[in-house]
$ cat model_24.cif   # mmCIF, C-alpha atoms
data_model
loop_
_atom_site.label_atom_id
_atom_site.label_comp_id
_atom_site.auth_asym_id
_atom_site.auth_seq_id
_atom_site.Cartn_x
_atom_site.Cartn_y
_atom_site.Cartn_z
CA MET A 261 0.00 0.00 0.00
CA LEU A 262 2.74 2.48 0.93
CA ASP A 263 4.51 1.77 -2.34
CA THR A 264 1.29 2.54 -4.21
CA TYR A 265 1.20 5.96 -2.56
CA ILE A 266 4.76 6.59 -3.67
CA LYS A 267 4.18 5.40 -7.23
CA GLU A 268 1.14 7.68 -7.51
CA SER A 269 3.05 10.61 -6.10
CA ILE A 270 5.93 10.06 -8.52
CA SER A 271 3.52 9.80 -11.41
CA ASP A 272 1.91 13.12 -10.41
CA VAL A 273 5.20 14.94 -9.95
CA PHE A 274 6.67 13.67 -13.21
CA SER A 275 3.61 14.47 -15.29
CA THR A 276 2.83 17.90 -13.82
CA MET A 277 6.23 19.35 -12.88
CA ILE A 278 8.84 17.46 -14.88
CA MET A 279 6.92 16.67 -18.04
CA MET A 280 8.52 13.26 -18.48
CA ASP A 281 6.99 9.83 -18.78
CA VAL A 282 8.03 7.53 -15.99
CA THR A 283 7.42 3.79 -15.77
CA PRO A 284 7.57 2.20 -12.33
CA GLY A 285 8.88 -1.34 -12.04
CA LYS A 286 8.05 -4.00 -9.51
CA THR A 287 8.58 -3.02 -5.87
CA ILE A 288 11.61 -4.78 -4.39
CA THR A 289 11.23 -5.66 -0.74
CA SER A 290 14.35 -7.55 0.17
CA GLY A 291 18.02 -6.81 0.34
CA TYR A 292 18.42 -4.30 -2.48
CA THR A 293 21.73 -2.54 -2.01
CA ASP A 294 23.08 -1.94 -5.49
CA PHE A 295 21.91 1.57 -6.06
CA LYS A 296 24.30 2.54 -8.90
CA ALA A 297 23.67 6.13 -7.98
CA ASP A 298 25.88 9.19 -8.12
CA ILE A 299 23.40 11.48 -6.42
CA SER A 300 20.73 10.91 -3.81
CA SER A 301 18.23 13.17 -2.13
CA MET A 302 16.58 12.27 1.12
CA ILE A 303 13.65 13.56 3.16
CA GLY A 304 13.34 12.58 6.82
CA LEU A 305 9.92 11.42 7.96
CA ALA A 306 8.47 11.83 11.47
CA GLY A 307 5.09 11.29 13.09
CA ASP A 308 3.06 8.08 12.83
CA ILE A 309 5.69 6.81 10.41
CA LYS A 310 9.39 7.54 11.00
CA GLY A 311 12.22 7.07 8.58
CA MET A 312 13.36 8.35 5.23
CA LEU A 313 12.27 8.67 1.63
CA ALA A 314 15.15 8.80 -0.83
CA LEU A 315 15.71 9.17 -4.54
CA HIS A 316 18.88 7.57 -5.94
CA LEU A 317 19.95 8.54 -9.45
CA PRO A 318 22.86 8.20 -11.84
CA TYR A 319 24.11 11.70 -12.59
CA THR A 320 23.12 11.61 -16.27
CA VAL A 321 19.54 10.77 -15.34
CA ALA A 322 19.52 13.51 -12.68
CA ARG A 323 20.72 16.05 -15.26
CA SER A 324 18.13 15.11 -17.86
CA ILE A 325 15.32 15.29 -15.29
CA THR A 326 16.63 18.70 -14.16
CA GLY A 327 16.78 19.95 -17.74
CA SER A 328 13.22 18.86 -18.39
CA MET A 329 11.96 20.40 -15.14
CA LEU A 330 13.70 23.73 -15.78
CA GLY A 331 13.02 23.82 -19.51
CA MET A 332 16.73 23.85 -20.32
CA ASP A 333 18.94 21.87 -22.66
CA THR A 334 20.73 19.15 -20.71
CA GLU A 335 24.14 20.57 -21.75
CA ASP A 336 23.32 23.90 -20.07
CA VAL A 337 22.39 22.32 -16.77
CA GLU A 338 24.84 23.16 -13.95
CA ASN A 339 25.55 21.09 -10.84
CA GLU A 340 23.72 23.58 -8.64
CA ASP A 341 20.61 23.24 -10.83
CA VAL A 342 20.78 19.46 -10.38
CA THR A 343 21.19 19.52 -6.61
CA ASP A 344 18.36 22.05 -6.25
CA ALA A 345 16.05 20.16 -8.61
CA ILE A 346 16.68 16.72 -7.11
CA GLY A 347 16.07 18.11 -3.63
CA GLU A 348 12.87 19.76 -4.77
CA ILE A 349 11.65 16.59 -6.50
CA ALA A 350 12.22 14.49 -3.37
CA ASN A 351 10.29 17.14 -1.45
CA MET A 352 7.37 16.99 -3.86
CA VAL A 353 7.29 13.17 -3.95
CA ALA A 354 7.33 13.12 -0.14
CA GLY A 355 4.60 15.77 -0.10
CA GLY A 356 2.40 13.64 -2.35
CA PHE A 357 3.11 10.57 -0.21
CA LYS A 358 2.14 12.59 2.85
CA THR A 359 -1.21 13.55 1.29
CA PHE A 360 -2.10 9.89 0.72
CA PHE A 361 -0.71 8.67 4.05
CA THR A 362 -2.49 11.24 6.19
CA GLN A 363 -5.97 10.55 4.82
CA GLY A 364 -7.88 9.25 7.77
CA GLY A 365 -6.07 11.24 10.42
CA LYS A 366 -2.52 9.89 10.59
CA GLN A 367 0.32 12.32 11.16
CA LEU A 368 3.35 12.72 8.91
CA LEU A 369 5.90 15.51 9.14
CA LEU A 370 8.70 16.08 6.64
CA SER A 371 12.24 17.41 7.12
CA THR A 372 14.06 19.52 4.54
CA PRO A 373 15.81 17.65 1.72
CA THR A 374 19.42 16.53 1.99
CA ILE A 375 21.24 15.96 -1.27
CA ILE A 376 24.39 13.88 -1.40
CA SER A 377 26.58 13.35 -4.42
CA GLY A 378 29.23 10.66 -4.58
CA SER A 379 29.52 7.11 -5.77
CA ASP A 380 29.95 3.77 -4.01
CA LEU A 381 28.57 5.21 -0.81
CA LYS A 382 27.65 2.93 2.08
CA THR A 383 24.54 3.74 4.05
CA SER A 384 23.43 2.40 7.39
CA GLY A 385 20.95 3.08 10.13
CA MET A 386 17.34 2.21 10.75
CA SER A 387 18.30 -1.44 11.10
CA LYS A 388 14.92 -2.34 12.57
CA ALA A 389 13.07 -0.54 9.80
CA SER A 390 11.10 -2.04 6.95
CA SER A 391 12.16 -0.93 3.55
CA PHE A 392 11.39 -1.22 -0.12
CA VAL A 393 12.76 0.09 -3.36
CA ILE A 394 10.83 1.08 -6.47
CA PRO A 395 12.81 1.02 -9.72
CA LEU A 396 11.72 3.64 -12.26
CA ALA A 397 12.49 4.02 -15.93
CA ILE A 398 12.50 7.22 -17.97
CA SER A 399 13.82 7.94 -21.44
CA SER A 400 17.35 8.73 -20.22
CA GLY A 401 17.76 5.75 -17.93
CA GLU A 402 16.75 4.34 -14.58
CA PHE A 403 16.61 5.54 -11.01
CA THR A 404 15.13 4.30 -7.74
CA VAL A 405 13.00 5.56 -4.89
CA GLU A 406 13.58 4.00 -1.49
CA LEU A 407 11.40 4.13 1.60
CA LYS A 408 12.81 3.06 4.96
CA TYR A 409 10.34 3.26 7.80
CA VAL A 410 9.12 2.25 11.19
CA GLN A 411 5.40 2.53 11.71
CA GLU A 412 4.04 3.28 15.18
CA MET B 33 18.68 35.73 11.63
CA SER B 34 19.89 36.48 15.15
CA SER B 35 18.20 33.43 16.60
CA LEU B 36 20.43 31.31 14.39
CA THR B 37 23.45 32.64 16.31
CA GLU B 38 21.79 31.74 19.64
CA ILE B 39 21.01 28.29 18.27
CA SER B 40 24.58 27.94 17.05
CA ASP B 41 25.98 28.79 20.51
CA LYS B 42 23.70 26.25 22.16
CA LEU B 43 24.61 23.67 19.54
CA ILE B 44 28.28 24.17 20.40
CA GLU B 45 27.43 23.73 24.09
CA SER B 46 25.47 20.55 23.36
CA THR B 47 28.22 19.06 21.24
CA VAL B 48 30.83 19.72 23.92
CA GLU B 49 28.51 18.21 26.55
CA ILE B 50 27.93 15.07 24.51
CA PHE B 51 31.62 14.61 23.82
CA THR B 52 32.86 15.25 27.32
CA GLY B 53 29.95 13.52 29.09
CA MET B 54 29.25 10.48 26.92
CA ILE B 55 32.27 9.98 24.71
CA MET B 56 34.94 11.15 27.16
CA MET B 57 36.74 13.20 24.57
CA ASP B 58 37.90 16.77 24.84
CA ILE B 59 36.91 18.92 21.91
CA THR B 60 37.37 22.58 21.12
CA VAL B 61 35.78 24.85 18.55
CA LYS B 62 38.08 25.48 15.61
CA ASP B 63 35.68 27.52 13.49
CA ASP B 64 32.18 28.47 14.63
CA ASN B 65 31.05 29.65 11.19
CA VAL B 66 32.40 27.51 8.38
CA LYS B 67 31.26 29.16 5.16
CA GLN B 68 31.21 26.14 2.92
CA LEU B 69 31.64 22.46 3.35
CA GLY B 70 33.48 21.13 0.33
CA LYS B 71 34.01 17.53 -0.66
CA LEU B 72 34.28 15.13 2.24
CA GLN B 73 36.92 12.45 1.81
CA ASN B 74 37.24 9.10 3.55
CA SER B 75 34.54 10.22 5.92
CA ILE B 76 31.31 9.17 7.51
CA THR B 77 28.26 11.39 8.02
CA GLY B 78 25.56 10.77 10.59
CA MET B 79 22.30 12.65 10.18
CA VAL B 80 18.77 12.97 11.50
CA GLY B 81 15.84 15.00 10.17
CA LEU B 82 13.88 17.62 12.09
CA ALA B 83 10.22 18.05 11.25
CA GLY B 84 7.25 19.97 12.54
CA ILE B 85 7.22 23.68 13.27
CA CYS B 86 10.95 23.78 12.46
CA LYS B 87 12.16 21.68 9.57
CA GLY B 88 15.73 20.79 8.91
CA VAL B 89 18.59 18.35 9.32
CA VAL B 90 21.29 17.86 11.93
CA ALA B 91 24.43 16.16 10.68
CA ILE B 92 27.92 15.30 11.87
CA HIS B 93 30.69 14.80 9.30
CA VAL B 94 33.69 12.85 10.56
CA PRO B 95 36.87 11.71 8.80
CA GLN B 96 37.37 7.96 9.25
CA GLU B 97 40.35 8.19 11.59
CA VAL B 98 38.46 10.53 13.90
CA ALA B 99 35.39 8.28 13.67
CA PHE B 100 37.51 5.32 14.81
CA SER B 101 38.82 7.20 17.84
CA ILE B 102 35.33 8.48 18.70
CA THR B 103 33.96 4.93 18.52
CA THR B 104 36.87 3.58 20.54
CA ASN B 105 36.17 6.11 23.29
CA PHE B 106 32.41 5.62 23.11
CA LEU B 107 32.51 1.83 23.32
CA GLY B 108 35.61 1.43 25.47
CA MET B 109 37.16 -0.98 22.98
CA GLU B 110 39.58 -0.35 20.15
CA VAL B 111 38.17 0.15 16.66
CA THR B 112 40.47 0.50 13.68
CA GLU B 113 38.24 -0.07 10.67
CA MET B 114 34.91 1.16 9.29
CA ASN B 115 32.32 -1.26 10.63
CA GLU B 116 28.86 -1.45 12.14
CA ASP B 117 30.09 -0.18 15.51
CA VAL B 118 31.41 3.00 13.88
CA GLN B 119 28.19 3.47 11.90
CA ASP B 120 26.09 2.94 15.01
CA ALA B 121 28.21 5.30 17.10
CA ILE B 122 28.14 8.12 14.55
CA GLY B 123 24.41 7.62 13.97
CA GLU B 124 23.82 7.75 17.72
CA ILE B 125 25.80 10.98 18.07
CA ALA B 126 23.71 12.54 15.28
CA ASN B 127 20.60 11.37 17.12
CA MET B 128 21.78 12.94 20.39
CA LEU B 129 22.64 16.20 18.65
CA GLY B 130 19.21 16.13 17.02
CA GLY B 131 17.59 15.61 20.40
CA ASN B 132 19.49 18.59 21.80
CA VAL B 133 18.56 20.81 18.84
CA LYS B 134 14.94 19.76 19.31
CA THR B 135 15.12 20.88 22.96
CA ILE B 136 16.85 24.14 22.01
CA LEU B 137 14.14 24.96 19.48
CA SER B 138 11.26 23.51 21.52
CA ASP B 139 12.09 25.80 24.43
CA LYS B 140 10.55 28.55 22.43
CA GLY B 141 7.31 26.58 22.35
CA LYS B 142 7.89 24.93 19.00
CA ALA B 143 6.70 21.38 18.37
CA ILE B 144 9.41 19.40 16.61
CA GLN B 145 9.94 15.71 15.96
CA LEU B 146 13.00 13.76 14.86
CA SER B 147 13.09 11.24 12.04
CA LEU B 148 15.46 8.26 12.42
CA PRO B 149 19.27 8.59 12.31
CA SER B 150 21.23 7.20 9.40
CA THR B 151 24.80 7.31 8.16
CA ILE B 152 26.52 7.61 4.81
CA SER B 153 30.20 6.93 4.26
CA GLY B 154 32.54 6.84 1.32
CA ASP B 155 35.79 7.83 -0.29
CA GLU B 156 34.44 11.11 -1.56
CA TYR B 157 31.04 12.78 -1.30
CA GLN B 158 29.42 16.14 -0.84
CA MET B 159 26.26 17.16 0.99
CA TYR B 160 24.05 19.99 -0.29
CA SER B 161 20.98 21.78 0.97
CA ASN B 162 18.43 23.84 -0.93
CA ASP B 163 18.32 27.65 -1.14
CA ASN B 164 15.54 28.20 1.38
CA VAL B 165 17.62 26.61 4.12
CA GLU B 166 19.93 28.40 6.55
CA ARG B 167 23.00 26.38 7.34
CA VAL B 168 25.35 26.61 10.32
CA ILE B 169 28.55 24.55 10.12
CA ILE B 170 30.89 24.33 13.09
CA GLU B 171 34.33 22.76 12.97
CA PHE B 172 35.60 21.07 16.13
CA SER B 173 39.10 19.81 16.95
CA THR B 174 40.00 16.67 18.81
CA SER B 175 43.46 15.32 19.55
CA GLY B 176 43.08 12.96 16.59
CA GLY B 177 41.68 15.37 14.03
CA ASN B 178 38.71 17.58 13.24
CA PHE B 179 35.04 17.02 12.47
CA PHE B 180 32.04 19.15 11.52
CA VAL B 181 28.59 19.61 13.02
CA ASP B 182 26.12 20.83 10.41
CA LEU B 183 22.69 22.27 11.21
CA GLU B 184 20.24 23.16 8.46
CA LEU B 185 16.96 24.93 9.19
CA GLU B 186 14.28 26.00 6.77
CA SER B 187 14.21 29.78 6.77
CA GLU B 188 10.71 30.24 5.43
CA PRO B 189 8.11 27.68 6.51
CA THR B 190 6.45 25.94 3.59
CA ASP B 191 3.25 24.01 3.64
CA ASN B 192 4.56 20.52 4.33
#
$ encode --input "model_24.cif" --output "structure tokens"
Amino acid sequence: MLDTYIKESISDVFSTMIMMDVTPGKTITSGYTDFKADISSMIGLAGDIKGMLALHLPYTVARSITGSMLGMDTEDVENEDVTDAIGEIANMVAGGFKTFFTQGGKQLLLSTPTIISGSDLKTSGMSKASSFVIPLAISSGEFTVELKYVQE
Amino acid sequence: MSSLTEISDKLIESTVEIFTGMIMMDITVKDDNVKQLGKLQNSITGMVGLAGICKGVVAIHVPQEVAFSITTNFLGMEVTEMNEDVQDAIGEIANMLGGNVKTILSDKGKAIQLSLPSTISGDEYQMYSNDNVERVIIEFSTSGGNFFVDLELESEPTDN
């Protein structure tokens, strides 16, 4: 159910703000660690669900999404545009997720986005949390959205 | 934003308290207003999100060698490589800092909650925040090297 909320939110954000077609793949629920990402943006979650929503993207995919969102040619996209855009997209996806999740009175609060660039990064934390990963395909490649959470 | 300076001073106090009280390490402030955090190398970052009336992130960025000595002091047993103990220790410090920031901000009657702590480590990475965020970065020195405490707070509340 939670992954449905995220897929719907991504679909909304990509069709209204980014103007790109996105195709979600099958939700992966166990042991996915091979993110192949150069840039990630994360939003902390608090309230009746605690944890983190993250986008993990190869840099080329991040740049093409940024270009489409800003109405620029990919070649003209600067690193600052990418970090801003990826942060904003994570924020919007989390916002959409929040709208679905809080129907019926649950509470969900969001932090500000954190964007991290780098490759072969190791992440840890939230060892008792549930998690799943949704792979997504767009014209310029693939990226993933990850939710790690503990539900009260 | 003058309250950011007050918050920064209290954050320094909290960090010193945590390190002297729980980790048994002496630390001093090297730079209480680092302008920009460049690329972090061979480091580990612990972070926790703040949400509610104040939104933001509290993070600690530690070079590996310093992370090993912090973990060694914290656990009372020698650690010389990046492992789960180091990740847990750094995540826990971020969580404690987050808890202190929450108290600092909540004293003014603000309702704030923490997300869950996590860590990221690698050979080279950089952490960015968006434009509508005010960022305070403080560099601390220990006998084994320096680390950074990084507080980001949303400057204009948005509707989330």
$ closest_atom_pairs --input "model_24.cif" --of "chain A" --to "chain B" --cutoff "6 Å" --atoms "all atoms listed in the file" --output "Markdown table"
| residue | atom | partner | partner_atom | distance |
| --- | --- | --- | --- | --- |
| A:Gly304 | CA | B:Gly81 | CA | 4.8 |
| A:Leu305 | CA | B:Ser147 | CA | 5.2 |
| A:Ala306 | CA | B:Ser147 | CA | 4.7 |
| A:Lys310 | CA | B:Ser147 | CA | 5.3 |
| A:Gly311 | CA | B:Leu148 | CA | 5.2 |
| A:Asp344 | CA | B:Asn162 | CA | 5.6 |
| A:Leu369 | CA | B:Ala83 | CA | 5.4 |
| A:Leu370 | CA | B:Ala83 | CA | 5.2 |
| A:Ser371 | CA | B:Ala83 | CA | 4.6 |
| A:Thr372 | CA | B:Gly88 | CA | 4.8 |
| A:Thr374 | CA | B:Ser161 | CA | 5.6 |
| A:Ile375 | CA | B:Tyr160 | CA | 5.0 |
| A:Ile376 | CA | B:Met159 | CA | 4.5 |
| A:Ser377 | CA | B:Gln158 | CA | 5.4 |
| A:Gly378 | CA | B:Tyr157 | CA | 4.3 |
| A:Leu381 | CA | B:Gly154 | CA | 4.8 |
| A:Lys382 | CA | B:Ser153 | CA | 5.2 |
| A:Thr383 | CA | B:Ile152 | CA | 4.4 |
| A:Ser384 | CA | B:Thr151 | CA | 5.2 |
| A:Gly385 | CA | B:Ser150 | CA | 4.2 |
$ resolve_selection --input "model_24.cif" --expression "the PyMOL selection byres ((chain A and resi 359) around 12)" --output "ChimeraX atom specification"
/A:262,265-266,268-269,352-358,360-370 /B:191-192
$ closest_residue --input "model_24.cif" --among "A:Val405, A:Ile346, A:Ala297, A:Val410" --to "Thr326 in chain A" --atoms "all atoms listed in the file"
A:Ile346
$ atom_distance --input "model_24.cif" --atom1 "CA of Ile270 in chain A" --atom2 "CA of Ser387 in chain A"
25.9 Å
$ residues_around --input "model_24.cif" --residues "Leu317 in chain A" --least-positions-apart "5" --cutoff "9 Å" --atoms "all atoms listed in the file" --output "ChimeraX atom specification"
/A:295-301,322,402-405
$ atom_distance --input "model_24.cif" --atom1 "CA of Leu137 in chain B" --atom2 "CA of Phe51 in chain B"
20.8 Å
$ atom_distance --input "model_24.cif" --atom1 "CA of Ile39 in chain B" --atom2 "CA of Val133 in chain B"
7.9 Å
$ resolve_selection --input "model_24.cif" --expression "the PyMOL selection byres ((chain B and resi 105) around 12)" --output "list in words"
Phe51, Thr52, Gly53, Met54, Ile55, Met56, Met57, Asp58, Val98, Ala99, Phe100, Ser101, Ile102, Thr103, Thr104, Phe106, Leu107, Gly108, Met109, Glu110, Val111, Thr112, Asp117, Val118, Ala121 and Gly176 of chain B
$ resolve_selection --input "model_24.cif" --expression "the PyMOL selection byres ((chain B and resi 65) around 6)" --output "MDAnalysis selection string"
chainID B and resid 63:64 66 169:170
$ closest_residue --input "model_24.cif" --among "A:Thr334, A:Gln411, A:Ser379, A:Ser271" --to "Ile349 in chain A" --atoms "all atoms listed in the file"
A:Ser271
$ closest_residue --input "model_24.cif" --among "B:Glu97, B:Asp182, B:Glu113, B:Glu49" --to "Ser75 in chain B" --atoms "all atoms listed in the file"
B:Glu97
$ residues_near_point --input "model_24.cif" --point "(14.9, 23.4, 23.2)" --cutoff "12 Å" --atoms "only C-alpha atoms" --output "ChimeraX atom specification"
/B:38-39,42-43,46,86,129-145
$ write_last_selection --input "model_24.cif" --atoms "C-alpha atoms" --output "PDB file, keeping the file's coordinate frame"
ATOM      1  CA  GLU B  38      21.790  31.740  19.640  1.00  0.00           C
ATOM      2  CA  ILE B  39      21.010  28.290  18.270  1.00  0.00           C
ATOM      3  CA  LYS B  42      23.700  26.250  22.160  1.00  0.00           C
ATOM      4  CA  LEU B  43      24.610  23.670  19.540  1.00  0.00           C
ATOM      5  CA  SER B  46      25.470  20.550  23.360  1.00  0.00           C
ATOM      6  CA  CYS B  86      10.950  23.780  12.460  1.00  0.00           C
ATOM      7  CA  LEU B 129      22.640  16.200  18.650  1.00  0.00           C
ATOM      8  CA  GLY B 130      19.210  16.130  17.020  1.00  0.00           C
ATOM      9  CA  GLY B 131      17.590  15.610  20.400  1.00  0.00           C
ATOM     10  CA  ASN B 132      19.490  18.590  21.800  1.00  0.00           C
ATOM     11  CA  VAL B 133      18.560  20.810  18.840  1.00  0.00           C
ATOM     12  CA  LYS B 134      14.940  19.760  19.310  1.00  0.00           C
ATOM     13  CA  THR B 135      15.120  20.880  22.960  1.00  0.00           C
ATOM     14  CA  ILE B 136      16.850  24.140  22.010  1.00  0.00           C
ATOM     15  CA  LEU B 137      14.140  24.960  19.480  1.00  0.00           C
ATOM     16  CA  SER B 138      11.260  23.510  21.520  1.00  0.00           C
ATOM     17  CA  ASP B 139      12.090  25.800  24.430  1.00  0.00           C
ATOM     18  CA  LYS B 140      10.550  28.550  22.430  1.00  0.00           C
ATOM     19  CA  GLY B 141       7.310  26.580  22.350  1.00  0.00           C
ATOM     20  CA  LYS B 142       7.890  24.930  19.000  1.00  0.00           C
ATOM     21  CA  ALA B 143       6.700  21.380  18.370  1.00  0.00           C
ATOM     22  CA  ILE B 144       9.410  19.400  16.610  1.00  0.00           C
ATOM     23  CA  GLN B 145       9.940  15.710  15.960  1.00  0.00           C
TER      24      GLN B 145
END
$ closest_residue --input "model_24.cif" --among "A:Met312, A:Met332, A:Ile398, A:Ile325" --to "Ala345 in chain A" --atoms "all atoms listed in the file"
A:Ile325
$ decode --input "model_24.cif" --residues "range 291-300 of chain A" --atoms "all heavy atoms" --output "short mmCIF file (atom, residue, chain, number, x, y, z; two decimals), in the first residue's frame"
data_model
loop_
_atom_site.label_atom_id
_atom_site.label_comp_id
_atom_site.auth_asym_id
_atom_site.auth_seq_id
_atom_site.Cartn_x
_atom_site.Cartn_y
_atom_site.Cartn_z
N GLY A 291 16.57 -6.85 0.54
CA GLY A 291 18.02 -6.81 0.34
C GLY A 291 18.58 -6.08 -0.85
O GLY A 291 19.63 -6.43 -1.36
N TYR A 292 17.91 -5.03 -1.31
CA TYR A 292 18.42 -4.30 -2.48
C TYR A 292 19.49 -3.32 -2.00
O TYR A 292 19.20 -2.45 -1.21
CB TYR A 292 17.27 -3.55 -3.13
CG TYR A 292 17.61 -2.88 -4.44
CD1 TYR A 292 17.28 -3.48 -5.65
CD2 TYR A 292 18.22 -1.63 -4.46
CE1 TYR A 292 17.56 -2.85 -6.85
CE2 TYR A 292 18.51 -0.99 -5.66
CZ TYR A 292 18.18 -1.62 -6.85
OH TYR A 292 18.45 -1.00 -8.03
N THR A 293 20.71 -3.49 -2.46
CA THR A 293 21.73 -2.54 -2.01
C THR A 293 22.50 -1.91 -3.16
O THR A 293 23.28 -0.99 -2.98
CB THR A 293 22.77 -3.24 -1.09
OG1 THR A 293 23.22 -4.42 -1.76
CG2 THR A 293 22.19 -3.59 0.25
N ASP A 294 22.24 -2.37 -4.37
CA ASP A 294 23.08 -1.94 -5.49
C ASP A 294 22.51 -0.73 -6.21
O ASP A 294 21.97 -0.84 -7.30
CB ASP A 294 23.20 -3.13 -6.46
CG ASP A 294 24.23 -2.85 -7.55
OD1 ASP A 294 25.03 -1.90 -7.37
OD2 ASP A 294 24.20 -3.55 -8.56
N PHE A 295 22.61 0.41 -5.56
CA PHE A 295 21.91 1.57 -6.06
C PHE A 295 22.46 2.21 -7.34
O PHE A 295 21.73 2.93 -8.01
CB PHE A 295 21.77 2.63 -4.96
CG PHE A 295 20.75 2.25 -3.93
CD1 PHE A 295 21.11 1.81 -2.68
CD2 PHE A 295 19.41 2.28 -4.27
CE1 PHE A 295 20.14 1.44 -1.76
CE2 PHE A 295 18.43 1.91 -3.35
CZ PHE A 295 18.80 1.49 -2.10
N LYS A 296 23.71 1.97 -7.68
CA LYS A 296 24.30 2.54 -8.90
C LYS A 296 23.99 4.03 -9.03
O LYS A 296 23.64 4.52 -10.09
CB LYS A 296 23.75 1.88 -10.17
CG LYS A 296 24.19 0.46 -10.39
CD LYS A 296 23.77 0.04 -11.81
CE LYS A 296 24.06 -1.42 -12.10
NZ LYS A 296 23.48 -2.36 -11.11
N ALA A 297 24.05 4.72 -7.94
CA ALA A 297 23.67 6.13 -7.98
C ALA A 297 24.88 7.02 -7.76
O ALA A 297 25.81 6.65 -7.07
CB ALA A 297 22.62 6.42 -6.93
N ASP A 298 24.85 8.19 -8.38
CA ASP A 298 25.88 9.19 -8.12
C ASP A 298 25.34 10.30 -7.27
O ASP A 298 26.09 11.13 -6.76
CB ASP A 298 26.34 9.84 -9.44
CG ASP A 298 26.76 8.80 -10.46
OD1 ASP A 298 27.60 7.96 -10.12
OD2 ASP A 298 26.24 8.86 -11.60
N ILE A 299 24.00 10.39 -7.19
CA ILE A 299 23.40 11.48 -6.42
C ILE A 299 22.11 10.97 -5.79
O ILE A 299 21.35 10.24 -6.42
CB ILE A 299 23.18 12.73 -7.32
CG1 ILE A 299 22.61 13.88 -6.51
CG2 ILE A 299 22.32 12.44 -8.54
CD1 ILE A 299 22.71 15.22 -7.23
N SER A 300 21.92 11.32 -4.53
CA SER A 300 20.73 10.91 -3.81
C SER A 300 20.13 12.11 -3.11
O SER A 300 20.89 12.98 -2.65
CB SER A 300 21.08 9.87 -2.73
OG SER A 300 21.62 8.71 -3.29
#
